[in-house]
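What follows is a short report on a single structure.
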Amino acid sequence: MTQAYPHLLKPLDLGFTELKNRVLMGSMHTGLEDRFWNIHKFARYFAERAEGGVGLMVTGGYSPNLVGQLAPLSSTMNNRATALLHRHVTGAVHEAGGKICLQLLHAGRYGYQPLIVSASATKAPISPFKARALSTKGVERQINDFVDAAKLAKFAGYDGVEVMGSEGYFINQFLCERTNKRTDKWGGPYENRMRLPVEIVRRMREAVGPEFIIIYRLSMLDLVEGGQTWDQIVTLGKAIEQAGATIINTGIGWHEARVPTIVTSVPRGGFADVTAKFYGEVDIPICTTNRINTPEKGEDILAAGKADMVSMARPLLADSEFVRKAEQGRADEINTCIACNQACLDHVFQAKRASCLVNPRACHETELVLTVAPVVRRVAVVGAGPAGLAAATTAAKRGHNVTLFEADDKIGGQFNYAKRIPGKEEFYETLRYFQRQIELLEIDLRLNTRVDAQQLTEDGFDDVIIATGVKPRTPNIDGIDHPKVLGYLDVLRHNKPVGQSVAVIGAGGIGFDVSEFLTHDFSHHLEGEQVSVADWQAEWGVNPEFEGPGGLAERKPTSSPRKIYLMQRKSGKVGGGLGKTSGWVHRNSLKHRDVDMLRGCSYERIDDEGLHISIKDKDGKLTESKVLNVDNVIICAGQEPFRALYDQLAGAGVRAHLIGGADVAEELDAKRAIRQGTEVAAGL
Ligand code: FAD
Ligand code: NAP
Ligand code: SF4
């Protein structure tokens, strides 16, 4: 049964305990950690993943004290009452045959609250508050609090703790000159700066005894100026081993780094070679991480001897049965994380509970429950975009008899255009997942079938779910019918030729994606293929040997084969509406390929000369009028619902449900489409 992934699924002996395989579910803050009344939801979330067979899980970060909190009232492990509550979590996980560690995370200057402390009085670019410098005694107090928190975790029934030493948090702040300006025994030369993590682990081991897992998350690549050098990182890793850690996990990049580390455009396994370089420096197990989202990738990394374990966080949000499916030879049934961050990290940054774009049940396991249907109904789903696919597969899982109509010759709707964008190749996986579910659930899929109200009424379905999506908006601009005007579907669906200079009207998600598409030279890397790790490192300025402070190098972005102007009417930041954790990557990427981003634009007319625009500043004052002498103007000005069918069916008295873009096109994304499709089908 385990032959497909022999390295990934091989047990790992830690001496005093054994992990059933090499998959670690990495720490992820979900928002369920922060409030005691969510403890049963939190327990169920982990229990489902333990039932899914993962070897070891790590919770989201818990601060050891109040000054280390990420935000006011956020997750903290500092008293026995809290620890007792956590027995619900550890009990549920152990009953399901799993193992779980509590992550101890002191935010330091990354805290979003006024009490924050750090090595020195500094302010992080990602927090509005300036940290207070700790006194020498104050440092001792933080160490004691880490040790006490580990003891409480043990009391709560956890199998161990993970000490968060990376991503630019408190411990990392002590390690680097950029944030540690101290002159006492906790600052100055590296031996002093590394004293804090070593003392934490050493004293923690003394306090918890030998049979308790201590994972240390070692920042192997800081990716910031003034970061650690490779030699320093190796020295620290060895000292951490000596201090008593059980496992060393890899940490990549400070949160303030301007190099993306986990978004979808980072190639799969893009940082495994960092761990590989460290591998062999110590004798305890080493775990690698970042952008590993399939059992194949995990297996390849372990088989190549780059690490002993693989950490996957978001892939376990996307599919709680990831490991079980791999074990049973059903890897093609895995609902793959597409690394979009839209429902997980972006939610956390908006103080909302995390979930998953491709799996809306994530973190809602006790609320979005898929029961067996009490009565089998004949359900028609019209449109096999994300909304229709989610509705059809959910209804079929519950036992309904489902027919799925799709006008196109393939499933996927707009995901078929999204998947063509360089850096969005993961979107193919979602289509693969749904295609496989359609086969397994024996859904009657009718491709090349544009159904109408008459056919649906005559067929006598009990329920008709309308998921017919959207149609692109045509803005009212003088000359909009000029031959140089194209819609985004002309480019991404019909492959119409595009000239050397282009004006893109609309700087939403699609305007950015179309610009990304047009600035790529597909002779360099093929469409549908992820960029190679070496090319990606050059693009973002990562030293291929991970040498030098922070492991940074000069950026060498590829040049665009076209001149692009990307425009919006609003006066705010161009692309301000893009995802919190991914928008900056899109903006930065286009900026480095010389895309001109214009805001406050009025589109006067389009003619043989090009696009005539005027530009106003944020106070509405006209600053410039000009002609962009472009070969093509591409319209990416949002969409409108495509829902005539619903109105006709409702008129004919058919039980019709409206989902996805067909329901509301404004602020539509696949996250809403899939969630709405799942919820409607869960209620049939
Ligand atoms: P659609 O995907 O539009 O699907 C509707 C389907 O219905 C189509 O397949 C159509 O052929 C079919 N249909 C219509 N009428 C009939 C009929 N009468 N009979 C049979 N079939 C019919 N969203 C994100 O969340 N993240 C992203 O990163 C992202 N990137 C994108 C990039 C691009 C380039 C594009 C174009 C979109 C992107 N989106 C993204 C948006 C996302 O794809 C849409 O929000 C989502 O596809 C909407 O899903 P839907 O099912 O409502 O509609
Ligand atoms: P969008 O995000 O709503 O952007 C539409 C753009 O068109 C805006 O820049 C808007 O800006 C402009 N616009 C609107 N009406 C206009 C008009 N009448 N004339 C001229 N310009 C007009 O929509 P989208 O780009 O089509 O994307 C559709 C959905 O897919 C979005 O909700 C998005 O979340 C999702 N998506 C997400 C991603 C992602 O990476 N997360 C990628 C692609 C798509 P002004 O009003 O300022 O001009
Ligand atoms: Fe992965 Fe996106 Fe789901 Fe987050 S929301 S787990 S990144 S698929």
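Every chain in the structure tokens takes a letter, A first, then B, and so on in the order presented; its residues are numbered from 1, and the ligands are numbered from 1 following the presented order.
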Pick out each residue of segment 326-428 of chain A that DSSP on the backbone tags as strand (DSSP E); I need them as a compact mmCIF listing (two decimals) with C-alpha atoms, in the first residue's frame.
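Produced file part02.txt, reproduced below:
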```txt
# COMPACT_ATOMS: atom_id res chain seq x y z
CA ARG A 378 -32.61 14.77 -9.25
CA VAL A 379 -30.36 17.81 -9.40
CA ALA A 380 -29.29 19.72 -12.51
CA VAL A 381 -26.27 21.99 -12.25
CA VAL A 382 -25.82 24.42 -15.14
CA ASN A 401 -28.50 12.15 -8.58
CA VAL A 402 -26.61 14.93 -10.40
CA THR A 403 -26.46 16.05 -14.04
CA LEU A 404 -23.89 18.74 -14.82
CA PHE A 405 -24.35 20.77 -18.02
```
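Selection of all polymer residues within 6 Å of ligand 3 on the basis of only C-alpha atoms and all ligand atoms gives A:Arg314, A:Pro315, A:Leu317, A:Ala318, A:Cys337, A:Ile338, A:Ala339, A:Cys340, A:Asn341, A:Gln342, A:Ala343, A:Cys344, A:Cys356, A:Leu357, A:Val358.
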Within 12 Å of segment 667-670 of chain A, counting only C-alpha atoms, which residues qualify if same-chain residues fewer than 3 places away don't, as a PyMOL selection string?
chain A and resi 338+340+342-343+356-360+385-390+412-415+418+427+430+469-470+508-510+577-579+638-641+659-664+673-678
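Using only C-alpha atoms, the smallest distance between any of A:Glu241, A:Asp513, A:Asp647, A:Glu439 and Ala453 of chain A comes from A:Asp647.
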Contacts of Thr519 of chain A within 12 Å, only C-alpha atoms, excl. fewer than 4 positions in-chain, as an mmCIF file with all heavy atoms, in the first residue's frame:
```
data_model
loop_
_atom_site.group_PDB
_atom_site.id
_atom_site.type_symbol
_atom_site.label_atom_id
_atom_site.label_comp_id
_atom_site.auth_asym_id
_atom_site.auth_seq_id
_atom_site.Cartn_x
_atom_site.Cartn_y
_atom_site.Cartn_z
ATOM 1 N N ILE A 421 -2.043 31.811 -16.702
ATOM 2 C CA ILE A 421 -1.207 32.937 -16.255
ATOM 3 C C ILE A 421 0.093 32.392 -15.655
ATOM 4 O O ILE A 421 0.058 31.518 -14.791
ATOM 5 C CB ILE A 421 -1.956 33.777 -15.183
ATOM 6 C CG1 ILE A 421 -3.361 34.165 -15.676
ATOM 7 C CG2 ILE A 421 -1.147 34.998 -14.763
ATOM 8 C CD1 ILE A 421 -3.415 34.964 -16.958
ATOM 9 N N PRO A 422 1.253 32.905 -16.088
ATOM 10 C CA PRO A 422 2.515 32.438 -15.507
ATOM 11 C C PRO A 422 2.492 32.616 -13.985
ATOM 12 O O PRO A 422 2.123 33.679 -13.486
ATOM 13 C CB PRO A 422 3.573 33.355 -16.144
ATOM 14 C CG PRO A 422 2.938 33.873 -17.382
ATOM 15 C CD PRO A 422 1.463 33.950 -17.112
ATOM 16 N N VAL A 498 -1.509 39.904 -30.121
ATOM 17 C CA VAL A 498 -1.409 41.157 -29.361
ATOM 18 C C VAL A 498 -0.108 41.848 -29.775
ATOM 19 O O VAL A 498 0.937 41.195 -29.891
ATOM 20 C CB VAL A 498 -1.400 40.865 -27.839
ATOM 21 C CG1 VAL A 498 -1.246 42.158 -27.042
ATOM 22 C CG2 VAL A 498 -2.678 40.144 -27.415
ATOM 23 N N GLY A 499 -0.192 43.172 -29.987
ATOM 24 C CA GLY A 499 0.967 43.923 -30.481
ATOM 25 C C GLY A 499 2.029 44.185 -29.411
ATOM 26 O O GLY A 499 1.974 43.652 -28.301
ATOM 27 N N GLN A 500 2.985 45.055 -29.793
ATOM 28 C CA GLN A 500 4.155 45.308 -28.940
ATOM 29 C C GLN A 500 3.888 46.310 -27.830
ATOM 30 O O GLN A 500 4.648 46.398 -26.872
ATOM 31 C CB GLN A 500 5.310 45.852 -29.796
ATOM 32 C CG GLN A 500 5.841 44.850 -30.797
ATOM 33 C CD GLN A 500 6.397 43.623 -30.113
ATOM 34 O OE1 GLN A 500 7.325 43.724 -29.333
ATOM 35 N NE2 GLN A 500 5.801 42.462 -30.380
ATOM 36 N N SER A 501 2.820 47.116 -28.023
ATOM 37 C CA SER A 501 2.501 48.080 -26.972
ATOM 38 C C SER A 501 1.014 47.971 -26.660
ATOM 39 O O SER A 501 0.185 47.890 -27.577
ATOM 40 C CB SER A 501 2.871 49.496 -27.420
ATOM 41 O OG SER A 501 2.182 49.788 -28.617
ATOM 42 N N VAL A 502 0.711 47.939 -25.368
ATOM 43 C CA VAL A 502 -0.642 47.578 -24.950
ATOM 44 C C VAL A 502 -1.092 48.452 -23.795
ATOM 45 O O VAL A 502 -0.327 48.693 -22.853
ATOM 46 C CB VAL A 502 -0.642 46.094 -24.469
ATOM 47 C CG1 VAL A 502 -2.003 45.708 -23.908
ATOM 48 C CG2 VAL A 502 -0.244 45.159 -25.589
ATOM 49 N N PHE A 512 -4.299 42.634 -13.793
ATOM 50 C CA PHE A 512 -2.939 42.255 -13.382
ATOM 51 C C PHE A 512 -2.515 40.951 -14.048
ATOM 52 O O PHE A 512 -1.381 40.817 -14.521
ATOM 53 C CB PHE A 512 -2.851 42.130 -11.852
ATOM 54 C CG PHE A 512 -2.377 43.395 -11.198
ATOM 55 C CD1 PHE A 512 -3.265 44.426 -10.937
ATOM 56 C CD2 PHE A 512 -1.043 43.579 -10.890
ATOM 57 C CE1 PHE A 512 -2.826 45.611 -10.367
ATOM 58 C CE2 PHE A 512 -0.590 44.751 -10.313
ATOM 59 C CZ PHE A 512 -1.484 45.782 -10.050
ATOM 60 N N ASP A 513 -3.445 39.981 -14.064
ATOM 61 C CA ASP A 513 -3.082 38.677 -14.643
ATOM 62 C C ASP A 513 -2.807 38.787 -16.141
ATOM 63 O O ASP A 513 -1.866 38.183 -16.662
ATOM 64 C CB ASP A 513 -4.204 37.663 -14.392
ATOM 65 C CG ASP A 513 -4.085 37.026 -13.008
ATOM 66 O OD1 ASP A 513 -3.111 37.338 -12.301
ATOM 67 O OD2 ASP A 513 -4.953 36.214 -12.657
ATOM 68 N N VAL A 514 -3.626 39.570 -16.835
ATOM 69 C CA VAL A 514 -3.414 39.738 -18.280
ATOM 70 C C VAL A 514 -2.061 40.433 -18.515
ATOM 71 O O VAL A 514 -1.297 40.043 -19.411
ATOM 72 C CB VAL A 514 -4.590 40.533 -18.911
ATOM 73 C CG1 VAL A 514 -4.247 41.031 -20.303
ATOM 74 C CG2 VAL A 514 -5.844 39.667 -18.955
ATOM 75 N N SER A 515 -1.736 41.410 -17.675
ATOM 76 C CA SER A 515 -0.436 42.093 -17.818
ATOM 77 C C SER A 515 0.709 41.115 -17.565
ATOM 78 O O SER A 515 1.722 41.125 -18.270
ATOM 79 C CB SER A 515 -0.335 43.270 -16.840
ATOM 80 O OG SER A 515 -1.395 44.154 -17.050
ATOM 81 N N HIS A 524 10.990 31.349 -23.194
ATOM 82 C CA HIS A 524 11.905 31.129 -22.076
ATOM 83 C C HIS A 524 11.435 29.971 -21.197
ATOM 84 O O HIS A 524 12.166 29.053 -20.886
ATOM 85 C CB HIS A 524 12.002 32.419 -21.262
ATOM 86 C CG HIS A 524 13.171 32.460 -20.346
ATOM 87 N ND1 HIS A 524 14.458 32.339 -20.811
ATOM 88 C CD2 HIS A 524 13.254 32.589 -19.013
ATOM 89 C CE1 HIS A 524 15.273 32.390 -19.781
ATOM 90 N NE2 HIS A 524 14.562 32.538 -18.684
ATOM 91 N N PRO A 557 15.577 40.354 -13.149
ATOM 92 C CA PRO A 557 14.282 39.968 -13.715
ATOM 93 C C PRO A 557 14.341 39.849 -15.232
ATOM 94 O O PRO A 557 15.155 40.522 -15.878
ATOM 95 C CB PRO A 557 13.353 41.106 -13.288
ATOM 96 C CG PRO A 557 14.222 42.245 -12.934
ATOM 97 C CD PRO A 557 15.587 41.714 -12.610
ATOM 98 N N THR A 558 13.502 38.993 -15.793
ATOM 99 C CA THR A 558 13.450 38.870 -17.252
ATOM 100 C C THR A 558 12.762 40.120 -17.807
ATOM 101 O O THR A 558 11.934 40.731 -17.137
ATOM 102 C CB THR A 558 12.632 37.632 -17.669
ATOM 103 O OG1 THR A 558 11.381 37.675 -16.979
ATOM 104 C CG2 THR A 558 13.350 36.353 -17.323
ATOM 105 N N SER A 559 13.113 40.501 -19.020
ATOM 106 C CA SER A 559 12.476 41.703 -19.565
ATOM 107 C C SER A 559 11.217 41.315 -20.344
ATOM 108 O O SER A 559 11.083 40.196 -20.821
ATOM 109 C CB SER A 559 13.459 42.469 -20.431
ATOM 110 O OG SER A 559 13.963 41.595 -21.402
ATOM 111 N N SER A 560 10.317 42.285 -20.447
ATOM 112 C CA SER A 560 9.033 42.026 -21.107
ATOM 113 C C SER A 560 9.177 42.179 -22.623
ATOM 114 O O SER A 560 9.848 43.099 -23.087
ATOM 115 C CB SER A 560 8.004 43.028 -20.585
ATOM 116 O OG SER A 560 6.868 43.026 -21.414
ATOM 117 N N PRO A 561 8.516 41.327 -23.394
ATOM 118 C CA PRO A 561 8.549 41.526 -24.847
ATOM 119 C C PRO A 561 7.650 42.677 -25.307
ATOM 120 O O PRO A 561 7.628 43.005 -26.485
ATOM 121 C CB PRO A 561 8.040 40.183 -25.393
ATOM 122 C CG PRO A 561 7.240 39.584 -24.304
ATOM 123 C CD PRO A 561 7.758 40.132 -23.009
ATOM 124 N N ARG A 562 6.887 43.270 -24.387
ATOM 125 C CA ARG A 562 5.950 44.338 -24.762
ATOM 126 C C ARG A 562 6.022 45.507 -23.787
ATOM 127 O O ARG A 562 6.385 45.320 -22.629
ATOM 128 C CB ARG A 562 4.498 43.845 -24.694
ATOM 129 C CG ARG A 562 4.144 42.802 -25.658
ATOM 130 C CD ARG A 562 2.677 42.486 -25.596
ATOM 131 N NE ARG A 562 2.401 41.469 -26.587
ATOM 132 C CZ ARG A 562 2.594 40.182 -26.380
ATOM 133 N NH1 ARG A 562 3.036 39.747 -25.216
ATOM 134 N NH2 ARG A 562 2.344 39.322 -27.348
ATOM 135 N N LYS A 563 5.577 46.656 -24.229
ATOM 136 C CA LYS A 563 5.380 47.796 -23.333
ATOM 137 C C LYS A 563 3.920 47.768 -22.877
ATOM 138 O O LYS A 563 3.007 47.747 -23.702
ATOM 139 C CB LYS A 563 5.687 49.107 -24.076
ATOM 140 C CG LYS A 563 5.424 50.355 -23.263
ATOM 141 C CD LYS A 563 6.392 50.469 -22.110
ATOM 142 C CE LYS A 563 5.845 51.309 -20.979
ATOM 143 N NZ LYS A 563 6.579 51.135 -19.721
ATOM 144 N N ILE A 564 3.725 47.793 -21.569
ATOM 145 C CA ILE A 564 2.356 47.695 -21.039
ATOM 146 C C ILE A 564 2.039 48.900 -20.160
ATOM 147 O O ILE A 564 2.863 49.304 -19.325
ATOM 148 C CB ILE A 564 2.185 46.431 -20.151
ATOM 149 C CG1 ILE A 564 2.714 45.175 -20.833
ATOM 150 C CG2 ILE A 564 0.752 46.284 -19.666
ATOM 151 C CD1 ILE A 564 1.728 44.370 -21.586
ATOM 152 N N TYR A 565 0.836 49.454 -20.353
ATOM 153 C CA TYR A 565 0.279 50.450 -19.434
ATOM 154 C C TYR A 565 -0.906 49.792 -18.751
ATOM 155 O O TYR A 565 -1.805 49.287 -19.437
ATOM 156 C CB TYR A 565 -0.204 51.699 -20.193
ATOM 157 C CG TYR A 565 0.883 52.368 -20.988
ATOM 158 C CD1 TYR A 565 1.111 52.003 -22.320
ATOM 159 C CD2 TYR A 565 1.678 53.362 -20.414
ATOM 160 C CE1 TYR A 565 2.116 52.604 -23.066
ATOM 161 C CE2 TYR A 565 2.687 53.972 -21.157
ATOM 162 C CZ TYR A 565 2.900 53.592 -22.478
ATOM 163 O OH TYR A 565 3.895 54.186 -23.211
ATOM 164 N N LEU A 566 -0.911 49.790 -17.424
ATOM 165 C CA LEU A 566 -2.003 49.175 -16.664
ATOM 166 C C LEU A 566 -2.712 50.297 -15.914
ATOM 167 O O LEU A 566 -2.077 51.023 -15.137
ATOM 168 C CB LEU A 566 -1.415 48.134 -15.699
ATOM 169 C CG LEU A 566 -2.357 47.460 -14.708
ATOM 170 C CD1 LEU A 566 -3.498 46.737 -15.435
ATOM 171 C CD2 LEU A 566 -1.587 46.441 -13.852
ATOM 172 N N SER A 589 6.359 42.366 -9.263
ATOM 173 C CA SER A 589 6.756 41.601 -10.445
ATOM 174 C C SER A 589 6.561 42.437 -11.725
ATOM 175 O O SER A 589 7.449 42.505 -12.585
ATOM 176 C CB SER A 589 5.899 40.328 -10.470
ATOM 177 O OG SER A 589 6.013 39.675 -11.679
ATOM 178 N N LEU A 590 5.409 43.119 -11.822
ATOM 179 C CA LEU A 590 5.158 43.927 -13.029
ATOM 180 C C LEU A 590 6.068 45.158 -13.064
ATOM 181 O O LEU A 590 6.546 45.554 -14.130
ATOM 182 C CB LEU A 590 3.699 44.355 -13.079
ATOM 183 C CG LEU A 590 2.677 43.231 -13.311
ATOM 184 C CD1 LEU A 590 1.281 43.813 -13.510
ATOM 185 C CD2 LEU A 590 3.051 42.369 -14.524
ATOM 186 N N LYS A 591 6.299 45.740 -11.888
ATOM 187 C CA LYS A 591 7.162 46.931 -11.816
ATOM 188 C C LYS A 591 8.556 46.598 -12.368
ATOM 189 O O LYS A 591 9.151 47.379 -13.105
ATOM 190 C CB LYS A 591 7.273 47.384 -10.365
ATOM 191 C CG LYS A 591 7.461 48.880 -10.212
ATOM 192 C CD LYS A 591 7.461 49.285 -8.773
ATOM 193 C CE LYS A 591 8.889 49.446 -8.309
ATOM 194 N NZ LYS A 591 9.087 49.429 -6.891
ATOM 195 N N HIS A 592 9.042 45.408 -12.026
ATOM 196 C CA HIS A 592 10.376 45.020 -12.484
ATOM 197 C C HIS A 592 10.399 44.663 -13.964
ATOM 198 O O HIS A 592 11.474 44.430 -14.518
ATOM 199 C CB HIS A 592 10.933 43.880 -11.622
ATOM 200 C CG HIS A 592 11.579 44.408 -10.383
ATOM 201 N ND1 HIS A 592 10.861 44.769 -9.280
ATOM 202 C CD2 HIS A 592 12.876 44.684 -10.101
ATOM 203 C CE1 HIS A 592 11.688 45.238 -8.359
ATOM 204 N NE2 HIS A 592 12.911 45.207 -8.829
ATOM 205 N N ARG A 593 9.227 44.569 -14.580
ATOM 206 C CA ARG A 593 9.234 44.391 -16.040
ATOM 207 C C ARG A 593 8.709 45.653 -16.717
ATOM 208 O O ARG A 593 8.130 45.608 -17.810
ATOM 209 C CB ARG A 593 8.461 43.128 -16.415
ATOM 210 C CG ARG A 593 9.460 41.969 -16.529
ATOM 211 C CD ARG A 593 8.848 40.635 -16.801
ATOM 212 N NE ARG A 593 8.567 39.996 -15.523
ATOM 213 C CZ ARG A 593 7.369 39.574 -15.159
ATOM 214 N NH1 ARG A 593 6.358 39.699 -15.966
ATOM 215 N NH2 ARG A 593 7.218 39.014 -13.994
ATOM 216 N N ASP A 594 8.908 46.773 -16.004
ATOM 217 C CA ASP A 594 8.658 48.118 -16.547
ATOM 218 C C ASP A 594 7.227 48.377 -16.983
ATOM 219 O O ASP A 594 6.995 49.128 -17.943
ATOM 220 C CB ASP A 594 9.613 48.406 -17.722
ATOM 221 C CG ASP A 594 11.029 48.594 -17.237
ATOM 222 O OD1 ASP A 594 11.178 49.076 -16.105
ATOM 223 O OD2 ASP A 594 11.966 48.223 -17.963
ATOM 224 N N VAL A 595 6.271 47.757 -16.321
ATOM 225 C CA VAL A 595 4.866 48.077 -16.601
ATOM 226 C C VAL A 595 4.565 49.427 -15.957
ATOM 227 O O VAL A 595 4.890 49.656 -14.799
ATOM 228 C CB VAL A 595 3.944 46.973 -16.030
ATOM 229 C CG1 VAL A 595 2.477 47.384 -16.142
ATOM 230 C CG2 VAL A 595 4.202 45.654 -16.756
ATOM 231 N N ASP A 596 3.968 50.325 -16.730
ATOM 232 C CA ASP A 596 3.574 51.641 -16.197
ATOM 233 C C ASP A 596 2.202 51.510 -15.561
ATOM 234 O O ASP A 596 1.244 51.155 -16.250
ATOM 235 C CB ASP A 596 3.478 52.671 -17.339
ATOM 236 C CG ASP A 596 4.792 53.388 -17.530
ATOM 237 O OD1 ASP A 596 5.703 53.151 -16.718
ATOM 238 O OD2 ASP A 596 4.898 54.157 -18.506
#
```
Extract, using only C-alpha atoms, all DNA, RNA and protein residues at most 9 Å from segment 104-110 of chain A, discarding same-chain residues fewer than 2 positions from it, and format them as a ChimeraX atom specification.
/A:60-65,67-71,76-77,102,112-113,116-119,121-127,129-132,142,146,149-150,161-165,168-171,173,255
I'd like to know which residues of segment 187-271 of chain A are alpha helix (DSSP H) (by DSSP, run on the backbone); could you write them as a compact mmCIF listing (two decimals) with C-alpha atoms, in the first residue's frame?
```txt
# COMPACT_ATOMS: atom_id res chain seq x y z
CA TYR A 190 27.03 36.20 17.06
CA GLU A 191 27.86 33.95 20.06
CA ASN A 192 25.98 36.46 22.19
CA ARG A 193 23.12 37.01 19.77
CA ARG A 195 22.48 32.81 23.27
CA LEU A 196 18.72 33.46 23.54
CA PRO A 197 17.43 30.51 21.44
CA VAL A 198 20.08 28.18 22.85
CA GLU A 199 19.16 29.06 26.44
CA ILE A 200 15.45 28.70 25.67
CA VAL A 201 15.92 25.19 24.28
CA ARG A 202 18.45 24.14 26.94
CA ARG A 203 16.32 25.24 29.90
CA MET A 204 13.16 23.94 28.26
CA ARG A 205 14.68 20.49 27.83
CA GLU A 206 15.71 20.47 31.49
CA ALA A 207 12.17 21.38 32.52
CA VAL A 208 10.17 18.99 30.33
CA TRP A 230 25.22 30.60 6.30
CA ASP A 231 28.08 29.88 8.75
CA GLN A 232 26.17 31.52 11.56
CA ILE A 233 23.06 29.49 10.80
CA VAL A 234 25.04 26.24 10.88
CA THR A 235 26.70 27.25 14.17
CA LEU A 236 23.29 27.95 15.69
CA GLY A 237 21.80 24.68 14.37
CA LYS A 238 24.58 22.67 16.01
CA ALA A 239 24.14 24.52 19.33
CA ILE A 240 20.38 23.94 19.21
CA GLU A 241 20.99 20.22 18.75
CA GLN A 242 23.37 20.24 21.73
CA ALA A 243 20.81 22.15 23.79
```
Distance query segment 8-20 of chain A at most 9 Å, only C-alpha atoms, self and fewer than 3 positions along chain excluded, as number ranges by chain
A: 2-5, 23, 53-56, 98-99, 210-213, 246-247, 284-285, 295-296, 298-300, 302-303, 308-310, 323, 326-327
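The nearest approach to ligand 2 among the residues A:Ala257, A:Val274, A:Val451, A:Ile613, with only C-alpha atoms and all ligand atoms taken into account, belongs to A:Ile613.
For the pair atom CA of Lys154 of chain A and atom CA of Tyr216 of chain A, the separation is 16.3 Å.
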In terms of the shortest atom-to-atom distance over only C-alpha atoms, which of A:Asp319, A:Ala407, A:Thr90, A:Val531 is closest to Glu365 of chain A?
A:Asp319
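Straight-line separation from atom CA of Arg353 of chain A to atom CA of Ser27 of chain A: 15.1 Å.
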